[in-house]
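Novice: Here you go, one structure.
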Amino acid sequence: MNVGYFLSCEEFGPRELVRQARMAEEAGFCGLWISDHYHPWVEAQGNSPFVWGVLGALSEAVSLPVATGVTCPTLRIHPAIVAQAAATAALQHEGRFVLGVGTGEALNEHIFGDPWPSAGVRLEMLEEAVEVMRKLWTGEQVEHRGPHYTVENARLYSVPDVPPPIYVSGFGPKAIRLAGRIGDGFCTVEPDGDSIQSFRDAGGATKTVQAGTKVCFGDDEAECRRTVHRLWPNEAMPGELAQILPTPAHFEQTAALVTEDMAAESVACGPDLARHVEQLRAYAEAGVDEVFVQQIGGGHRAFFDAYREQVLPEFS
C-alpha cells in the first residue's frame, strides 16, 4: 500500500496547503488528496478555499499525483464546468490528476437554495454527470439532454490526450455498486474490507481503491486528543448526518454530543508512531491501495520528519 498526504481545505488556507504539499513531497509521500468544500464542517476549522485555484498552484509547486477527495459535480457546479476544470487540472499536472467524485453534502451544495435530493436521486445525478464529463473530454461538440442536465453546443478545446480517471466515492450499498460500475477507482474513508470487496464484486476487481484518514502527531497525547475534539468532532457523527446537515452551525450543535473519547477513537493521537502505523495498516489489510493521511492541527514539520523516518518505511 502506498501512503500519500491528505490536504484539508477545511482546516487550512491555500498558501498553507501548498506549503504542506511541498513538505509531503520532500518527505517521500506518494501523492496528494485534496478536499473540495464550500464550507468547513465546523467553525473551528476555519477555512474553505476554492480547490481548483489550489490545484493550479500545486501543479507548479510539486510533481506528485493529486486527486480530489472528493468533488460533487451535480448541484453547486454543473458537470460541464467541472469537466472543464478537471481537464485543465489534468493538463497542468501533466496526467497526474484524478477526479474523485461523490454525491456531496447539503453543507456545500444547498447554497443556492435548491432542494436537497434524496440519496437515490443524487446517485442518478452523479451517474449522469459522469456521462456528461466523459463526453466533453473527447474534445468533440456535445449535445446532451438527460433527466437532470442539458448541455448544448458545448466543446472543450483544452483537453488532455488521456482523460483524467474518475474515482467514485461510496458509503452505502447502492453507491458502492455504482462506483464499481462507472468508476475507474473507488474512494472511501474507512478500512472496511466488506465495502471494498463489494466494490470489487461490482466491477472494480482491478481498479484502484483510495482512502483518506486523519491523525494528530505531537509530543503530548492529551493535547492531541483535545485538538482532534476541537477541530474534527464531525468525524464521530454517525449515519447520514454528514450528508444532510446544511450548515457548520448545525454540525456544531450535533458535535455537542461528541465526547473527546468519541472524537479520538479512530484517530492516532500523540507521539507513539506504532499507533500511527497500526492505523494505516488497517487500511492495507482491508484492501486499500493508496491511503492519504491528514495531520490535524499544526506541527507539520515534526509530523513529516517523523513519518519520513519511521512510518513510510513500514509501507515501502
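Each chain of the C-alpha cells is named A, B, ... in the order shown, its residues numbered from 1; ligands are numbered from 1 in display order.
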If you run DSSP over the backbone, which residues in range 143-251 of chain A end up alpha helix (DSSP H)? Put them as a PyMOL selection string.
Specialist: chain A and resi 173-182+193-199+221-231+241-244+248-251
Novice: Quick one: residues within 9 Å of Pro49 in chain A, only C-alpha atoms counted, chain neighbours fewer than 2 positions away excluded, as a list of chain:residue names?
Specialist: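 Once the adjacent positions are removed, what remains is A:Cys9, A:Glu10, A:Phe12, A:Gly13, A:Pro14, A:Asp36, A:His37, A:Tyr38, A:His39, A:Asn47, A:Val51, A:Trp52, A:Gly53, A:Val54.
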Novice: Restricting the calculation to only C-alpha atoms: of A:His250, A:Arg225, A:Arg301, A:Lys207, which residue gets closest to Asp289 in chain A?
Specialist: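 For Asp289 in chain A, the nearest of the candidates is A:Lys207.
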Novice: Applying 9 Å and only C-alpha atoms, which residues near Gly170 in chain A remain after dropping the ones on its own chain fewer than 4 positions away? List them as JSON, numbers by chain.
Specialist: {"A": [102, 103, 174, 175, 176, 177, 178, 179, 186, 187, 188, 195, 199]}
Novice: Output C-alpha atoms for every residue in that selection, as a PDB file, in the first residue's frame.
Specialist:
```
ATOM      1  CA  GLY A 102     -19.322  11.803  -4.897  1.00  0.00           C
ATOM      2  CA  THR A 103     -22.927  12.756  -4.310  1.00  0.00           C
ATOM      3  CA  LYS A 174     -26.110   1.368  -3.951  1.00  0.00           C
ATOM      4  CA  ALA A 175     -23.321   3.923  -4.076  1.00  0.00           C
ATOM      5  CA  ILE A 176     -20.661   1.227  -3.866  1.00  0.00           C
ATOM      6  CA  ARG A 177     -22.247  -0.725  -6.715  1.00  0.00           C
ATOM      7  CA  LEU A 178     -22.395   2.456  -8.800  1.00  0.00           C
ATOM      8  CA  ALA A 179     -18.717   3.104  -8.069  1.00  0.00           C
ATOM      9  CA  PHE A 186     -13.046   3.864  -5.507  1.00  0.00           C
ATOM     10  CA  CYS A 187     -12.749   6.454  -2.698  1.00  0.00           C
ATOM     11  CA  THR A 188     -13.518   5.729   0.939  1.00  0.00           C
ATOM     12  CA  SER A 195     -17.293  -2.424   1.291  1.00  0.00           C
ATOM     13  CA  PHE A 199     -16.830  -2.572  -4.939  1.00  0.00           C
TER      14      PHE A 199
END
```
Novice: Tell me, as a ChimeraX atom specification, which residues lie within 9 Å of Pro160 in chain A, counting only C-alpha atoms; anything in the same chain fewer than 5 positions away does not count.
Specialist: /A:87-88,90-91,94-95,137,139
Novice: For N, CA and C atoms, I'd like the residues from the last selection saved as an mmCIF file, in the first residue's frame.
Specialist:
```cif
data_model
loop_
_atom_site.group_PDB
_atom_site.id
_atom_site.type_symbol
_atom_site.label_atom_id
_atom_site.label_comp_id
_atom_site.auth_asym_id
_atom_site.auth_seq_id
_atom_site.Cartn_x
_atom_site.Cartn_y
_atom_site.Cartn_z
ATOM 1 N N ALA A 87 -10.295 18.960 -16.790
ATOM 2 C CA ALA A 87 -9.440 18.853 -17.976
ATOM 3 C C ALA A 87 -8.243 19.780 -17.845
ATOM 4 N N THR A 88 -8.480 20.990 -17.363
ATOM 5 C CA THR A 88 -7.383 21.939 -17.152
ATOM 6 C C THR A 88 -6.413 21.415 -16.096
ATOM 7 N N ALA A 90 -5.844 18.342 -15.330
ATOM 8 C CA ALA A 90 -5.104 17.214 -15.903
ATOM 9 C C ALA A 90 -3.951 17.709 -16.777
ATOM 10 N N LEU A 91 -4.175 18.799 -17.528
ATOM 11 C CA LEU A 91 -3.103 19.370 -18.338
ATOM 12 C C LEU A 91 -2.022 19.998 -17.458
ATOM 13 N N GLU A 94 0.025 17.372 -15.881
ATOM 14 C CA GLU A 94 0.647 16.505 -16.883
ATOM 15 C C GLU A 94 0.245 15.047 -16.710
ATOM 16 N N GLY A 95 -1.077 14.850 -16.546
ATOM 17 C CA GLY A 95 -1.613 13.497 -16.453
ATOM 18 C C GLY A 95 -1.594 12.893 -15.072
ATOM 19 N N TRP A 137 -14.789 15.346 -22.470
ATOM 20 C CA TRP A 137 -13.347 15.102 -22.528
ATOM 21 C C TRP A 137 -12.895 14.503 -23.860
ATOM 22 N N GLY A 139 -13.280 16.123 -26.498
ATOM 23 C CA GLY A 139 -12.938 17.292 -27.288
ATOM 24 C C GLY A 139 -13.900 17.562 -28.419
#
```
Novice: Restricting the calculation to only C-alpha atoms: of A:Phe6, A:Phe171, A:Trp116, A:Phe251, which residue gets closest to Val42 in chain A?
Specialist: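 Under the stated criterion, the closest residue is A:Phe251.
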Novice: For a quick check of understanding, using only C-alpha atoms, which of A:His93, A:Leu241, A:Ser198, A:Leu136 has the smallest distance to Val159 in chain A?
Specialist: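 Checking each of A:His93, A:Leu241, A:Ser198, A:Leu136 against Val159 in chain A, counting only C-alpha atoms, the winner is A:Leu136.
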Novice: So, counting only C-alpha atoms, which residue among A:Gln20, A:Thr74, A:Ser8, A:Thr213 is closest to Val189 in chain A?
Specialist: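 Among the listed residues, the smallest separation from Val189 in chain A belongs to A:Thr213.
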Novice: Which residues, written as a list in words, have at least one atom at most 8 Å from Thr247 in chain A, with only C-alpha atoms counted and residues fewer than 5 positions away on the same chain left out?
Specialist: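 Answer for this query is His39, Trp41, Ala106 and Leu107 of chain A.
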Novice: For the selection just defined, write its residues with N, CA, C and O atoms to a file, as a PDB file, in the first residue's frame.
Specialist:
```pdb
ATOM      1  N   HIS A  39     -17.929  25.072   2.507  1.00  0.00           N
ATOM      2  CA  HIS A  39     -17.874  25.419   3.922  1.00  0.00           C
ATOM      3  C   HIS A  39     -16.972  24.425   4.655  1.00  0.00           C
ATOM      4  O   HIS A  39     -16.870  23.268   4.240  1.00  0.00           O
ATOM      5  N   TRP A  41     -16.587  22.005   8.037  1.00  0.00           N
ATOM      6  CA  TRP A  41     -17.611  21.266   8.782  1.00  0.00           C
ATOM      7  C   TRP A  41     -18.040  22.041  10.029  1.00  0.00           C
ATOM      8  O   TRP A  41     -19.232  22.113  10.342  1.00  0.00           O
ATOM      9  N   ALA A 106     -25.212  18.347   1.847  1.00  0.00           N
ATOM     10  CA  ALA A 106     -26.018  19.562   1.879  1.00  0.00           C
ATOM     11  C   ALA A 106     -25.189  20.749   2.379  1.00  0.00           C
ATOM     12  O   ALA A 106     -25.414  21.898   1.966  1.00  0.00           O
ATOM     13  N   LEU A 107     -24.230  20.511   3.246  1.00  0.00           N
ATOM     14  CA  LEU A 107     -23.348  21.543   3.784  1.00  0.00           C
ATOM     15  C   LEU A 107     -22.776  22.435   2.690  1.00  0.00           C
ATOM     16  O   LEU A 107     -22.645  23.648   2.860  1.00  0.00           O
TER      17      LEU A 107
END
```
Novice: Counting only C-alpha atoms, which of A:Leu273, A:Met237, A:Thr206, A:Ala27 gets nearest to Glu221 in chain A?
Specialist: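 Under the stated criterion, the closest residue is A:Leu273.
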Novice: Pick out each residue of range 8-225 of chain A that DSSP on the backbone tags as strand (DSSP E); I need them as a count of residues only.
Specialist: 37
Novice: Which residues are close to Gly185 in chain A, i.e. within 9 Å by only C-alpha atoms, leaving aside same-chain residues fewer than 5 positions away? Reply as a list of chain:residue names.
Specialist: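 Result of the neighbour search: A:Gly100, A:Pro165, A:Ile166, A:Tyr167, A:Val168, A:Ser169, A:Ala179, A:Gly180, A:Gly204, A:Thr206, A:Lys207, A:Thr208, A:Val209, A:Gln210.
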Novice: Write out the residues from the selection above, keeping C-alpha atoms, as a PDB file, in the first residue's frame.
Specialist:
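Below is the file that was written, again-v5.pdb:
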```pdb
ATOM      1  CA  GLY A 100     -12.629  11.928  -7.219  1.00  0.00           C
ATOM      2  CA  PRO A 165      -9.603   8.904 -14.283  1.00  0.00           C
ATOM      3  CA  ILE A 166     -12.777   9.245 -12.238  1.00  0.00           C
ATOM      4  CA  TYR A 167     -12.747   7.609  -8.810  1.00  0.00           C
ATOM      5  CA  VAL A 168     -16.188   7.364  -7.230  1.00  0.00           C
ATOM      6  CA  SER A 169     -16.907   7.658  -3.522  1.00  0.00           C
ATOM      7  CA  ALA A 179     -18.717   3.104  -8.069  1.00  0.00           C
ATOM      8  CA  GLY A 180     -17.820  -0.385  -9.248  1.00  0.00           C
ATOM      9  CA  GLY A 204     -13.912  -2.886  -9.555  1.00  0.00           C
ATOM     10  CA  THR A 206      -8.702  -4.485 -10.938  1.00  0.00           C
ATOM     11  CA  LYS A 207      -9.382  -0.854 -10.050  1.00  0.00           C
ATOM     12  CA  THR A 208      -7.548   1.314  -7.517  1.00  0.00           C
ATOM     13  CA  VAL A 209      -9.009   1.877  -4.050  1.00  0.00           C
ATOM     14  CA  GLN A 210      -8.040   5.126  -2.342  1.00  0.00           C
TER      15      GLN A 210
END
```
Novice: Please identify all polymer residues within 7 Å of Phe97 in chain A, counting only C-alpha atoms, omitting same-chain residues fewer than 5 positions from it, and present them as a PyMOL selection string.
Specialist: chain A and resi 65-67+89-90+164
